[in-house]
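Worksheet: the structure to be examined is printed underneath.
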Amino acid sequence: MLRHLSRETRFLAKDRGAVFWLLLAFVLSVVAVSFGIAEVREQRETIATLIEEDAADRSNALEGQEDWGSAAYYAFHLTYAPPSDFAFAAMGQRDSSSWKHRVRMLALEGQIHEADTRNADFGLVGRFDFAFLAASVAPLLLILLLYDLRASERTMRRHDLLVATAGSSRSLWLPRALVRVTALALLLLMPLWVGSTIEGTAASLTLQASGIVIGSLLIWWLIVELVSRIDASPSILLTSLIGLWLAIAILVPAVSKAVIEAANPVPDGGEILLLQRETVNDAWDLPKEATMDPFVERHPEYADHSEIGEEGFEWKWYYAFQQVGDQVVEPLATQYREARLARDKQAGVAAWASPTSLVERAFEKLAGTDARSMIAYEDRVRDYHRELRAFYYPLMFPEEPFDEELLSGLPAFTPTS
Amino acid sequence: MTSPLEARSLSLVREGNTVLDGVSFTVAKGEIFALLGGNGAGKSSTLLTFLGFLDPSGGEVLVNGKSVGSDVAGARNSIAYLPEAASLYGHLTAYENLDYFLDLAGKSASKDQINVALDRVALPQEARTRRLQSYSKGMRQKTAIALALLRETPILLLDEPTSGLDPVAIDEFHDLVKALAEGGQTVLMVTHDVYGACQVADRVGLLRHGKLVGSFAAEKGQRIDTETVHAAFAGRPHFQTDAA
Amino acid sequence: MSTVLRIAREEWRLWLRSKVVVAAALIVAVLLAATSVLTVNRVAEEQSQRIEQQIAAEQTFFAQPDRHPHRMVHYGHYAFRPPPPLAVFEPGVDAVTGQSIFLEGHRQNTAMFADTKAAADLGGFASLTPAILYQLLLPLLLIVLGHAMFLRERESGTLAVMLAQGQSGTKLALGKAAALLAVIAIFMIPLIGVAAYSVSLGESALAATSLVAGYFLYLCIWGGIVLAASILLKQRAVSLGALIFVWLFAALIVPRFAINASSAVIDAPGKIESDLVMLAEQRKLGDGHNAADPAFMQLQAQVLEEYGVETIEELPINWRGVVASYSEAELTELLNSYADKRMELEASQSHLFGLFGFASPTIAISSASRTLSGTDLATHHRFLRESEDLRFGFVQALNEKHATDLDYTADINRNNGEEASRAARINANAWQVLDEFRFEPDSAVQRMDRAMPSLGILIAWLIAASGVVYLASRKVRL
């Protein structure tokens, strides 16, 4: 076998068409990886700047505050999900879900759905990252490398001579295709390996990613192999293969997506906000108990401190109705979260019908940029917001005297790694 | 002693058409056997069954006494095949082509050995490092024959080897084939060139509509009579009575 | 002329006899029909839903009871952007941006709940829309049909016969071009249908026609590229491979590369980032809720002098309302300057992206298509600006009511019990200050203006492609 492989490697090196496609794969991979690394670095820099400015802004905001309520009102806290060390290969949902927020102790539902805007034109087209290259473009390149292995020899009337000389077709077509597939895989993966080294990605992750790329190439090789056994002209073969690619890479995902989204309706985001705002706004006009009762139900420990005087404005009451606003939309918000998870779960199943989707989803999972990770980040923000309340409530409700010193003990957001 | 090549009542049906119908012949070691026939007589199909590309619908073909169906790789291993208008790779030089195809056949040859073979087929020295796409048809054919020589197989199958060659090249080619047969190689060639077949072959078989309808052998030290074969090929009445 | 038609007819006969071609064309036709119907339904539903939501939001606002006017400032309002009629063909950026925005005092919110955030993630490609099919799939169909058009004549030897009969290469190329043109014309029918439907929904005929013309141009460019390849290249498989490569580049690689490149070249900071910078500045302006903030002392002196009184209590208007109005105006100016900067950066990113149209006609047509349909970034930006005007308008109108309709003393005592709180309210009739908001697409002429650069790039492409075809066909030898 080794002899066959070295022969076919020498042969491949002289095939200008094939060398062109292989070089193209390499160049595209270098481009995808370097853009990915640049983007990830920029995101890290942004986060670093934000952390700094956020701290400065907060200390500025807290300076000279005279009660707990104003402190909580004016102090924003940065939350963020830093890109993983493999995110350069698949930006995934980081492009459509936000990965940074500044929250304060007001109703969270009014804050967590804010999107940090990104050029809308860009979200429309999508990014050229390694995952896209490996999932969608690499199969096309593989098709172009392999579709006419047999058919072109047939057109050149060389097929029979080749097979008669080789004795069996196995010592000819298999090494010839294998060399091309291997070369394609190596040229695609080498930039990824370099990128992983630069980014310090765990070897096991890189290994899994490489396995995914190789696996997908093998699947596509099988598809090409089956189709190209048909005794048809090279152009008909290529046409059929491109058709298959279109079906697998574009149609199947688009149809599954439409079906999944229709089957799992997501509550209208506007409704969540509307309900939350109405609740918070109506609270101003309602008797104070209407707010404090549901609040105490959630926080019985403050039952003794829930008396709100009829006169004057009390922060306790203000934050209580912020919390009640969140409580009221909880079912809707949960439904929204569950529906997103359900959609993602079903998309994971549907992806088995399309190697393209499967590869892209697998990469996003490895890179921590899949829908699940983005939802996990939102959960992290919710936890943090809870910590904030847990910090202020025991000071605010029993009306502990304001002590600026204590504010240094404010919970700090730590991203999950 | 078994014959290197033997067809036993070989029949072949392709897409409902009878291509070969009970063809039997043997080719002895060192013999040149030419199958002569018009377009669609089934000549090339006969060669392809010996190579295992086509499976007989009836009868069998044997290479060195073994049925091709039972050992395709073994059969192909002992056969060098020269297809009609053999085209090697245009983007490779003669050296590179020979190197590649020999490797494919599981053989290796030194540059000297390759040069000896190319000398035998008279491919000009300067052309050997040029790509084949710049070659004339004759030069390409010579390179393909050099491949057949280098493989040193006991059997040589030739499909219309002289079509498209000029008269000088044809003569050179015929001399080469005769020399090979004298060296002990068994040659089966198919052609529609009556003159060429009679000039080079020890025996000529006439194939018509898939049937072997006649056979002509050369007498010791003489060539087969072209006129007789030509008359038979053209289907003139006196031949049919002769054959019957 | 008749020879040209004759050649075209021959080509058609050949296509109709090829199973592959017929199958490919049928599949594309079915896909086009199915996506068109689905998108038309979806967008029509969204449109009526958005308009209903907009009306409902206004009615809820009007129906609010008597209140303190500043409460209504925080109660806020919603602006919805219904999809324009041509969105049935090209939904554009709508799915990415979110189509509703919450408007309240002291804040500019972003449009929320973009569909893509909750979308089922199946990787790479956006959902299928008729526009995407026209941009990606039809060029492929033209490639399948046309890659061998000319070189087939060469392969089969008929080219020699034709040239020997005195036909020129250009005439032959013209015949082939006519055959392709007929295909393009046939596949324009679904688009024309959708465009006509959008006109019936109230779209301007000019915009709809330009959209059809833009796509016609685009497909003709591909026809030219395909024809050129089939003249210049000598082998079918090579021609098909080269064309697939061009398609891969123009349709998949260059657009995404252009995204990476233009976001790397022009850095548009996110909202949080620019908000932080702004917050620092905003702190200098003072808090509009706190009229005693030292930042308002200067304003106070000025207003007192204007009315010729000594204390704010003596003012005929409510000082707190004046402060609210003043600080809202200051803040809005600041917010707008940042928002404008951000939008400008985004617009220049998109402009740079548009220039990549010179490298890929697919970019040019997609920009033109979004612009002409009124689903482009510029329209979204206008929506943001108009909804900001709406926001500023009702907030300031409420602040004015605050200053004129509510007594200052009653206002500062508003937290002193039920009675005092009731005294610090104004009549609900005042809520009528809210303007009715119906977001309308740009006029057809404006959209045309904006689409001109992209359409110009397409025309340049067409000229280049036909030029190559012409030169190549003139030089046709055997």
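Within each chain, counting starts at residue 1; across the structure tokens, chains are named A, B, ... in the order shown, with ligands numbered 1 upward in that order.
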
Could you please write out, as a tab-separated table (two decimals) with N, CA and C atoms, in the first residue's frame, every residue of range 83-242 of chain A that DSSP assigns to strand (DSSP E)?
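And here's selection.tsv as it stands now:
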chain	number	residue	atom	x	y	z
A	100	LYS	N	-22.21	40.07	26.01
A	100	LYS	CA	-21.86	41.02	27.06
A	100	LYS	C	-23.08	41.87	27.40
A	101	HIS	N	-23.25	42.15	28.67
A	101	HIS	CA	-24.35	42.98	29.15
A	101	HIS	C	-23.81	43.86	30.26
A	102	ARG	N	-24.52	44.96	30.52
A	102	ARG	CA	-24.26	45.66	31.78
A	102	ARG	C	-25.57	45.67	32.52
A	103	VAL	N	-25.59	45.02	33.66
A	103	VAL	CA	-26.85	44.90	34.38
A	103	VAL	C	-26.77	45.64	35.70

Show me which bits of chain B are within 10 Å of chain A, counting only C-alpha atoms, as a ChimeraX atom specification.
/B:48,51-53,72-92,96-97,99-106,144,147-148,151

Could you list, as a PDB file with C-alpha atoms, in the first residue's frame, the residues of chain A having an atom within 7 Å of chain C when counting only C-alpha atoms?
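The new file iface.pdb reads:
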ATOM      1  CA  PHE A  35      -9.508  36.108  10.671  1.00  0.00           C
ATOM      2  CA  LEU A  50     -14.846  47.032  29.202  1.00  0.00           C
ATOM      3  CA  GLU A  53     -14.044  51.134  32.101  1.00  0.00           C
ATOM      4  CA  ASP A  57     -17.659  53.909  35.896  1.00  0.00           C
ATOM      5  CA  SER A  96     -26.295  36.461  16.804  1.00  0.00           C
ATOM      6  CA  SER A  97     -26.613  36.333  20.589  1.00  0.00           C
ATOM      7  CA  HIS A 113     -32.656  40.706  26.097  1.00  0.00           C
ATOM      8  CA  GLU A 114     -30.771  43.809  25.040  1.00  0.00           C
ATOM      9  CA  ALA A 115     -28.655  43.080  22.027  1.00  0.00           C
ATOM     10  CA  ASP A 116     -25.325  44.771  21.696  1.00  0.00           C
ATOM     11  CA  THR A 117     -25.823  45.783  18.119  1.00  0.00           C
ATOM     12  CA  ARG A 118     -23.632  44.570  15.377  1.00  0.00           C
ATOM     13  CA  ASN A 119     -23.848  45.612  11.765  1.00  0.00           C
ATOM     14  CA  ALA A 120     -27.037  43.972  10.535  1.00  0.00           C
ATOM     15  CA  ASP A 121     -25.689  43.442   7.034  1.00  0.00           C
ATOM     16  CA  PHE A 122     -23.005  41.277   8.588  1.00  0.00           C
ATOM     17  CA  GLY A 123     -25.311  39.093  10.561  1.00  0.00           C
ATOM     18  CA  LEU A 124     -27.140  38.416   7.328  1.00  0.00           C
ATOM     19  CA  VAL A 125     -24.249  36.964   5.374  1.00  0.00           C
ATOM     20  CA  GLY A 126     -22.321  35.288   8.144  1.00  0.00           C
ATOM     21  CA  ARG A 127     -18.683  34.938   8.809  1.00  0.00           C
ATOM     22  CA  PHE A 128     -16.002  33.027   6.957  1.00  0.00           C
ATOM     23  CA  PHE A 132     -17.918  27.155   7.663  1.00  0.00           C
ATOM     24  CA  LEU A 144     -14.008  18.816  -7.392  1.00  0.00           C
ATOM     25  CA  PRO A 234     -17.677  13.806 -15.952  1.00  0.00           C
ATOM     26  CA  SER A 235     -19.917  16.825 -16.362  1.00  0.00           C
ATOM     27  CA  THR A 239     -23.704  18.237 -11.899  1.00  0.00           C
ATOM     28  CA  ILE A 250     -28.531  24.179   1.952  1.00  0.00           C
ATOM     29  CA  PRO A 253     -30.871  22.482   6.852  1.00  0.00           C
ATOM     30  CA  ALA A 254     -33.250  25.170   5.591  1.00  0.00           C
ATOM     31  CA  LYS A 257     -34.964  24.734  10.362  1.00  0.00           C
ATOM     32  CA  ILE A 260     -38.379  22.892  13.800  1.00  0.00           C
ATOM     33  CA  GLU A 261     -39.209  26.551  14.249  1.00  0.00           C
ATOM     34  CA  GLY A 269     -40.087  38.498  22.894  1.00  0.00           C
ATOM     35  CA  ASN A 281     -45.321  50.558  35.799  1.00  0.00           C
ATOM     36  CA  GLU A 310     -47.800  55.574  52.779  1.00  0.00           C
ATOM     37  CA  GLU A 311     -45.696  58.702  52.680  1.00  0.00           C
ATOM     38  CA  GLY A 312     -42.554  59.287  50.722  1.00  0.00           C
ATOM     39  CA  PHE A 313     -40.671  57.129  48.306  1.00  0.00           C
ATOM     40  CA  ARG A 340     -34.801  27.796  22.469  1.00  0.00           C
ATOM     41  CA  ARG A 343     -35.232  24.000  19.101  1.00  0.00           C
ATOM     42  CA  ASP A 344     -31.553  23.458  19.632  1.00  0.00           C
ATOM     43  CA  ALA A 347     -31.740  20.881  15.445  1.00  0.00           C
ATOM     44  CA  ALA A 351     -28.344  17.771  11.820  1.00  0.00           C
ATOM     45  CA  SER A 357     -24.938  21.072   9.809  1.00  0.00           C
ATOM     46  CA  GLU A 360     -20.815  23.146  12.079  1.00  0.00           C
ATOM     47  CA  ARG A 361     -22.748  22.269  15.213  1.00  0.00           C
TER      48      ARG A 361
END

Polymer residues at most 6 Å from Val204 in chain B, only C-alpha atoms, same-chain spacing of 4 or more positions, as a ChimeraX atom specification:
/B:33-35,215-216

Residues of the last selection are to be written out with N, CA and C atoms, as an mmCIF file, in the first residue's frame.
data_model
loop_
_atom_site.group_PDB
_atom_site.id
_atom_site.type_symbol
_atom_site.label_atom_id
_atom_site.label_comp_id
_atom_site.auth_asym_id
_atom_site.auth_seq_id
_atom_site.Cartn_x
_atom_site.Cartn_y
_atom_site.Cartn_z
ATOM 1 N N PHE B 33 -1.188 -14.181 -33.154
ATOM 2 C CA PHE B 33 -2.510 -14.495 -33.691
ATOM 3 C C PHE B 33 -3.258 -13.184 -33.907
ATOM 4 N N ALA B 34 -3.746 -12.993 -35.135
ATOM 5 C CA ALA B 34 -4.477 -11.762 -35.431
ATOM 6 C C ALA B 34 -5.946 -12.076 -35.627
ATOM 7 N N LEU B 35 -6.809 -11.388 -34.866
ATOM 8 C CA LEU B 35 -8.250 -11.506 -35.099
ATOM 9 C C LEU B 35 -8.644 -10.379 -36.036
ATOM 10 N N SER B 215 -10.113 -19.296 -40.597
ATOM 11 C CA SER B 215 -8.802 -19.263 -39.968
ATOM 12 C C SER B 215 -7.756 -19.557 -41.038
ATOM 13 N N PHE B 216 -6.686 -18.762 -41.027
ATOM 14 C CA PHE B 216 -5.651 -18.917 -42.053
ATOM 15 C C PHE B 216 -4.308 -18.978 -41.366
#

Can you measure CA of Gly205 in chain B to CA of Thr46 in chain B for me? One decimal in Å is fine.
12.2 Å

Within range 103-345 of chain A, find each residue whose DSSP state, derived from the backbone, is alpha helix (DSSP H), and express the selection as a ChimeraX atom specification.
/A:109-112,120-125,130-132,138-146,149-155,159-166,173-199,203-228,234-246,252-263,269-283,288-298,315-345

For range 210-213 of chain B, please output as a PyMOL selection string all residues within 10 Å (counting only C-alpha atoms; exclusion window: fewer than 5 positions along the same chain).
chain B and resi 9-13+18-25+35-37+40-43+45-46+205+232-233+240+243-244

Just write the chosen residues, C-alpha atoms, as a tab-separated table (two decimals), in the first residue's frame.
chain	number	residue	atom	x	y	z
B	9	SER	CA	-16.96	-21.37	-27.04
B	10	LEU	CA	-16.88	-17.82	-25.82
B	11	SER	CA	-20.24	-16.02	-25.98
B	12	LEU	CA	-21.02	-12.51	-24.94
B	13	VAL	CA	-24.35	-10.69	-24.79
B	18	THR	CA	-25.09	-10.92	-29.14
B	19	VAL	CA	-21.54	-9.68	-29.45
B	20	LEU	CA	-19.70	-12.98	-29.47
B	21	ASP	CA	-21.22	-16.32	-30.32
B	22	GLY	CA	-19.29	-19.49	-29.53
B	23	VAL	CA	-15.82	-18.32	-30.41
B	24	SER	CA	-13.02	-20.79	-29.79
B	25	PHE	CA	-9.31	-20.45	-30.44
B	35	LEU	CA	-8.25	-11.51	-35.10
B	36	LEU	CA	-9.49	-9.77	-38.20
B	37	GLY	CA	-12.93	-8.28	-38.53
B	40	GLY	CA	-18.64	-4.26	-34.58
B	41	ALA	CA	-17.46	-7.78	-35.28
B	42	GLY	CA	-16.60	-8.26	-31.61
B	43	LYS	CA	-12.81	-7.94	-31.81
B	45	SER	CA	-14.76	-7.31	-26.78
B	46	THR	CA	-12.71	-10.48	-27.15
B	205	GLY	CA	-8.81	-15.60	-37.50
B	232	ALA	CA	-12.76	-13.90	-47.32
B	233	PHE	CA	-13.02	-10.65	-45.36
B	240	GLN	CA	-17.60	-19.42	-48.13
B	243	ALA	CA	-14.44	-22.61	-45.58
B	244	ALA	CA	-17.33	-24.97	-45.58

If we count only C-alpha atoms and set the cut-off at 8 Å, which residues sit around Thr206 in chain A, ignoring sequence neighbours fewer than 4 positions away in its own chain? Please answer as a PyMOL selection string.
chain A and resi 193+196+201-202+210

Selected residues written out with N, CA and C atoms, as a PDB file, in the first residue's frame:
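What landed in part_4.pdb:
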ATOM      1  N   TRP A 193      -4.151  23.656  13.192  1.00  0.00           N
ATOM      2  CA  TRP A 193      -3.219  23.243  14.249  1.00  0.00           C
ATOM      3  C   TRP A 193      -2.339  24.403  14.672  1.00  0.00           C
ATOM      4  N   SER A 196      -4.406  26.649  16.731  1.00  0.00           N
ATOM      5  CA  SER A 196      -4.635  26.094  18.072  1.00  0.00           C
ATOM      6  C   SER A 196      -3.417  26.288  18.948  1.00  0.00           C
ATOM      7  N   THR A 201      -5.048  26.134  22.519  1.00  0.00           N
ATOM      8  CA  THR A 201      -6.178  25.219  22.639  1.00  0.00           C
ATOM      9  C   THR A 201      -5.708  23.872  23.177  1.00  0.00           C
ATOM     10  N   ALA A 202      -6.547  23.261  23.989  1.00  0.00           N
ATOM     11  CA  ALA A 202      -6.195  21.950  24.528  1.00  0.00           C
ATOM     12  C   ALA A 202      -6.031  20.960  23.383  1.00  0.00           C
ATOM     13  N   SER A 210     -10.095  17.862  14.605  1.00  0.00           N
ATOM     14  CA  SER A 210      -9.482  17.229  13.442  1.00  0.00           C
ATOM     15  C   SER A 210     -10.267  15.979  13.062  1.00  0.00           C
TER      16      SER A 210
END

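We find CA of Leu406 in chain A and CA of Pro300 in chain A to be spaced 24.2 Å apart.
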
Using only C-alpha atoms, which protein or nucleic acid residues come within 12 Å of range 29-32 of chain B? Drop anything in the same chain fewer than 5 positions from it, and give the result as a count of residues only.
40

Any idea what's packed within 8 Å of Pro69 in chain C, counting only C-alpha atoms, ignoring anything in its chain fewer than 4 positions away? Could you give it as a PyMOL selection string?
chain C and resi 73+398-399+401-402+425-426

Let me see the file: selected residues, N, CA and C atoms, as a PDB file, in the first residue's frame.
ATOM      1  N   VAL C  73     -43.630  59.085  30.983  1.00  0.00           N
ATOM      2  CA  VAL C  73     -42.327  59.101  30.311  1.00  0.00           C
ATOM      3  C   VAL C  73     -41.647  57.748  30.489  1.00  0.00           C
ATOM      4  N   LEU C 398     -44.627  65.362  27.001  1.00  0.00           N
ATOM      5  CA  LEU C 398     -45.045  65.057  28.368  1.00  0.00           C
ATOM      6  C   LEU C 398     -44.335  65.966  29.360  1.00  0.00           C
ATOM      7  N   ASN C 399     -43.062  66.233  29.090  1.00  0.00           N
ATOM      8  CA  ASN C 399     -42.323  67.136  29.969  1.00  0.00           C
ATOM      9  C   ASN C 399     -42.928  68.538  29.951  1.00  0.00           C
ATOM     10  N   LYS C 401     -46.102  69.174  29.380  1.00  0.00           N
ATOM     11  CA  LYS C 401     -47.309  69.089  30.209  1.00  0.00           C
ATOM     12  C   LYS C 401     -46.920  69.155  31.685  1.00  0.00           C
ATOM     13  N   HIS C 402     -45.825  68.471  31.981  1.00  0.00           N
ATOM     14  CA  HIS C 402     -45.316  68.449  33.349  1.00  0.00           C
ATOM     15  C   HIS C 402     -45.057  69.885  33.826  1.00  0.00           C
ATOM     16  N   ARG C 425     -51.342  64.436  39.769  1.00  0.00           N
ATOM     17  CA  ARG C 425     -51.633  63.765  38.508  1.00  0.00           C
ATOM     18  C   ARG C 425     -52.215  64.747  37.530  1.00  0.00           C
ATOM     19  N   ILE C 426     -52.098  64.447  36.256  1.00  0.00           N
ATOM     20  CA  ILE C 426     -52.775  65.299  35.279  1.00  0.00           C
ATOM     21  C   ILE C 426     -53.756  64.448  34.500  1.00  0.00           C
TER      22      ILE C 426
END

Please, what distance in Å, to one decimal, runs between CA of Ala451 in chain C and CA of Ser204 in chain C?
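Separation of CA of Ala451 in chain C and CA of Ser204 in chain C: 15.2 Å.
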
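Between Lys171 in chain C and the residues C:Leu159, C:Ile186, C:Ala428, C:Leu315, the shortest atom-to-atom distance, using only C-alpha atoms, involves C:Leu159.
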